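Data block below; observations after.
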Amino acid sequence: MEGSFEMIRVANPFVGMFIHTKRVGQLMLLCVSIALCSGTVAFATPDYYVLRQATVAGGISSTWDGVASSGDGTKLAVIMYDGYIHTSTDSGATWTQQGSSGSRSWRTISSSTDGAKLAAAAYGGYIYTSTDSGVTWVEQTAAGMRSWRTLASSADGTKLIAADYGGYIYTSTDSGATWTEHTDAGSQVWWSVASNADGTVLGAAAINDYVYISTDAGATWTQQTDNGLNMWSSLAMSADGNTITASVYQGGIFTSSDRAATWVNRSSTTGPKNWWYVTVNSDGTKQIALDTGGYMYTSNDSGATWTQQTANDMRYWNAAAMTSDGSKVILSEEIGNIYLAATQGSITTNFDIGMLPSSGNVQSTIANTKLSVTSSTCYTIDSGSVTPVGTLGLVVPDAGVSLLGGVAFSINCMVPGGVAPFTITMGSYIQDESSLHIYKKNPVDNNLVDITSSVIVKNAVINGKPVTTVEYSLMDGGAFDQDGVKNGIIVDPIYFGVASTLAATGGNTQRILMIGCSMVLLGVILPATIFLYRGRRIHAAK
């Protein structure tokens, strides 16, 4: 799962069967704000989604429903039930209420890959199309005034499929100018439709019925009886039509990788939930499933396995649209909110312990230590937890090693079980890095245990200054997490010692050597015997 998303709120409207009690959701703004620390941000490959708020005219008290996105996520559209259509051409930074669309009971909207062609349908009204990204709209009366529940578009926007709630399926091959009624699949309580990129493979899902698939642009339909009669709530497919995902309200998620020839019930990995909506990227590898009243779930393996995104809070999710590469998502909540999500890579956070109030019993090697974590899941160093630790009451298990002290800190994770690659820059330069010993406390008897072989100790020059660094990886609930529980918090006190024959340089480049002895014999000063202890070299694998 690659992705961390930022999202936006806006309410959703449609009142009907299976709609829950309305509530206004809470928007969580996620940011990195750490006192006494300075950090840099880098972007890599994340595996979770982060919320971000966007401002859409109408506010959080409005009722928002369907959402649509261009392939690159720059052009977005959202519909307000009993309101207007709103569009954005800058990835959701600003929004425009499109008055020409009219205030209607908008129920569903779709977009071409370039974001130019939009199609929207009003419940109890007509289908409307736009060829200029929603600035102007044309009322398409050929399909009639119906209880439109859902529609989908081909990649170029010329081929459309729409379903009448309690009626038939309709298709268009000329961007909505003319329509064909398809009675082959029967009159159903249609809840969701899907289309592949060229409009030849189509899917439709009905409440208390089956999923239906067409491989000839809607001319004929095949009832997918292997999946059983269910409360099918949503359907999505890849650009080639081979990967198809369908969800069941109060049931499971079903996936197919062979254009519906066979299906796999993924309930064993997801469990039965109030699945309301699914969406996939163009190749079908990245998928999102929404458990209304619960969490958002993500998959990076075409729906084979799913991860609960607990960092995004429980919400009454309603709809979602994903970019072609899966890097951006727009979602709507049932009442009150719309969320924009964009991939956010790994975040690097630095903490300078030297900025903390000085402590008389802590050596400068510890007091001036710098902490750095780079992660997409665990990157928030809890500033209040960072504490330099002296040597009082600690016993070194290795002979000939002088204890310098330690650092106690904790890291907050976005998801339980997250991983945090961590770097500690010592407050003083250790001339011979192999003399540095690293310890953790045994949680049973609180005795120090040497973990030097499990970390990387090395000397480097940073900003023209020689430094000694310690690198290792932390995992929430892993071996170096003191509480040993996957609870979204890594607690990591760590301690340092140095071979007694070698001292730290106090942060400058002067070499400090231990003078073995200076002997004066017959009034002549003999050369000093200089002993430089060379300890073992550390070759820890990264």
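Ordering of the structure tokens sets the chain letters (A, B, ...); residue numbers start at 1 within each chain; ligands are numbered from 1 in the order shown.
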
Discussion item. Can you pull out the residues contacting Asp216 (chain A)? Cut-off 12 Å, using only C-alpha atoms, and skip same-chain residues under 6 positions away; I want them as a list of chain:residue names.
Written reply: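 Result of the neighbour search: A:Thr171, A:Ser195, A:Asn196, A:Asp198, A:Gly199, A:Thr200, A:Val201, A:Leu202, A:Gly203, A:Thr222, A:Gly241.
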
Limited to C-alpha atoms, could you put the picked residues into a file as a compact mmCIF listing (two decimals), in the first residue's frame?
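Saved file out_24.txt follows:
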# COMPACT_ATOMS: atom_id res chain seq x y z
CA THR A 171 -25.93 3.34 -22.42
CA SER A 195 -17.02 0.94 -17.09
CA ASN A 196 -13.58 0.08 -18.39
CA ASP A 198 -13.03 1.96 -23.81
CA GLY A 199 -16.57 1.27 -22.62
CA THR A 200 -16.74 -2.31 -23.88
CA VAL A 201 -16.67 -3.98 -20.45
CA LEU A 202 -19.48 -2.79 -18.19
CA GLY A 203 -20.71 -3.83 -14.78
CA THR A 222 -24.35 -12.10 -17.72
CA GLY A 241 -11.76 -4.42 -17.46

Region 314-403 of chain A near region 431-444 of chain A within 10 Å: what's each residue's closest atom pair and its distance in Å to one decimal, counting only C-alpha atoms, ordered by chain then ascending residue number, as CSV?
residue,atom,partner,partner_atom,distance
A:Leu394,CA,A:Lys441,CA,9.6
A:Val396,CA,A:Tyr439,CA,8.7
A:Pro397,CA,A:Tyr439,CA,9.3
A:Asp398,CA,A:His437,CA,9.0
A:Val401,CA,A:His437,CA,7.9
A:Ser402,CA,A:His437,CA,9.3
A:Leu403,CA,A:His437,CA,8.8

Could those residues be written to a file, using N, CA and C atoms, as a PDB file, in the first residue's frame?
ATOM      1  N   LEU A 394      22.789   2.794  36.898  1.00  0.00           N
ATOM      2  CA  LEU A 394      22.964   1.920  35.749  1.00  0.00           C
ATOM      3  C   LEU A 394      24.298   1.188  35.837  1.00  0.00           C
ATOM      4  N   VAL A 396      27.042  -1.148  33.639  1.00  0.00           N
ATOM      5  CA  VAL A 396      27.444  -1.595  32.312  1.00  0.00           C
ATOM      6  C   VAL A 396      27.796  -3.073  32.344  1.00  0.00           C
ATOM      7  N   PRO A 397      27.238  -3.874  31.447  1.00  0.00           N
ATOM      8  CA  PRO A 397      27.545  -5.316  31.464  1.00  0.00           C
ATOM      9  C   PRO A 397      28.906  -5.645  30.871  1.00  0.00           C
ATOM     10  N   ASP A 398      29.534  -4.709  30.142  1.00  0.00           N
ATOM     11  CA  ASP A 398      30.809  -4.983  29.485  1.00  0.00           C
ATOM     12  C   ASP A 398      31.965  -4.397  30.283  1.00  0.00           C
ATOM     13  N   VAL A 401      34.184  -0.642  29.793  1.00  0.00           N
ATOM     14  CA  VAL A 401      33.336   0.336  29.102  1.00  0.00           C
ATOM     15  C   VAL A 401      32.791   1.331  30.105  1.00  0.00           C
ATOM     16  N   SER A 402      32.922   2.611  29.790  1.00  0.00           N
ATOM     17  CA  SER A 402      32.394   3.671  30.652  1.00  0.00           C
ATOM     18  C   SER A 402      31.050   4.120  30.109  1.00  0.00           C
ATOM     19  N   LEU A 403      30.044   4.138  30.968  1.00  0.00           N
ATOM     20  CA  LEU A 403      28.709   4.526  30.542  1.00  0.00           C
ATOM     21  C   LEU A 403      28.616   6.044  30.405  1.00  0.00           C
TER      22      LEU A 403
END

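Around region 83-87 of chain A, within 6 Å and counting only C-alpha atoms, the residues found are Leu76, Ala77, Val78, Ile79, Met80, Trp95, Thr96, Gln97, Gln98, Gly102, Ser103 and Arg104 of chain A, once anything fewer than 3 positions away on its own chain is removed.
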
Response to the item:
Counting only C-alpha atoms, closest pick from A:Val386, A:Tyr170, A:Thr141, A:Glu333 relative to Phe351 (chain A) is A:Val386

Worksheet item: From the set A:Tyr339, A:Trp317, A:Tyr295, A:Tyr495, which residue has the shortest atom-to-atom contact distance to Val470 (chain A), counting only C-alpha atoms?
Response: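 The answer is A:Tyr495, which sits nearest to Val470 (chain A).
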
Worksheet item: as JSON, numbers by chain, which residues of region 315-432 of chain A does DSSP assign to strand (DSSP E)?
Response: {"A": [317, 318, 319, 320, 321, 322, 328, 329, 330, 331, 332, 333, 338, 339, 340, 341, 342, 347, 348, 349, 350, 351, 352, 370, 371, 372, 373, 374, 375, 378, 379, 380, 381, 387, 388, 389, 401, 402, 403, 404, 405, 406, 407, 408, 410, 411, 412, 413, 419, 420, 421, 422, 423, 424, 425]}

Fill in: Closest of A:Gly354, A:Gly405, A:Gly176, A:Pro493 to Leu392 (chain A) - atom-to-atom distances counting only C-alpha atoms
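That would be A:Gly405, the residue with the smallest distance to Leu392 (chain A).
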
Item to complete: Figure out the distance between CA of Asn318 (chain A) and CA of Ser69 (chain A), please, to one decimal in Å.
Response: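 We find that CA of Ser69 (chain A) and CA of Asn318 (chain A) lie 15.4 Å from each other.
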
Worksheet entry | Residues within 7 Å of Ala205 (chain A), only C-alpha atoms, excluding chain neighbours under 6 positions, as number ranges by chain | A: 190-193, 211-212, 232-235

12 Å contact set for Thr113 (chain A), only C-alpha atoms, chain neighbours under 4 positions out, as a short mmCIF file (atom, residue, chain, number, x, y, z; two decimals) with C-alpha atoms, in the first residue's frame:
data_model
loop_
_atom_site.label_atom_id
_atom_site.label_comp_id
_atom_site.auth_asym_id
_atom_site.auth_seq_id
_atom_site.Cartn_x
_atom_site.Cartn_y
_atom_site.Cartn_z
CA ALA A 68 -15.29 12.70 -9.76
CA SER A 69 -11.65 13.19 -10.69
CA SER A 70 -9.55 13.54 -13.82
CA GLY A 71 -6.79 11.02 -14.33
CA ASP A 72 -4.14 13.30 -12.83
CA GLY A 73 -6.36 14.70 -10.07
CA THR A 74 -6.09 18.34 -11.12
CA LYS A 75 -9.72 18.60 -12.20
CA LEU A 76 -12.31 17.60 -9.61
CA LYS A 117 -16.16 15.77 -20.17
CA LEU A 118 -18.44 15.39 -17.16
CA SER A 133 -14.95 20.74 -17.16
CA ALA A 152 -19.99 5.82 -15.22
CA SER A 153 -17.90 7.00 -18.15
CA SER A 154 -15.31 5.64 -20.56
CA ALA A 155 -11.87 7.23 -20.48
CA ASP A 156 -12.67 9.66 -23.30
CA GLY A 157 -16.12 10.48 -21.96
CA THR A 158 -17.99 9.49 -25.11
CA ASN A 196 -13.58 0.08 -18.39
CA ALA A 197 -11.53 2.63 -20.36
CA ASP A 198 -13.03 1.96 -23.81
CA ALA A 239 -9.02 0.35 -17.34
CA ASN A 281 -6.87 3.05 -10.03
CA SER A 282 -6.37 2.43 -13.74
CA ALA A 321 -12.73 8.68 -6.96
CA MET A 322 -9.07 7.83 -7.53
CA THR A 323 -6.49 9.14 -9.99
CA SER A 324 -5.04 6.85 -12.65
CA ASP A 325 -1.92 6.11 -10.63
#

Fill in: Gap from CA of Met314 (chain A) to CA of Asp301 (chain A) - Å, one decimal
23.5 Å
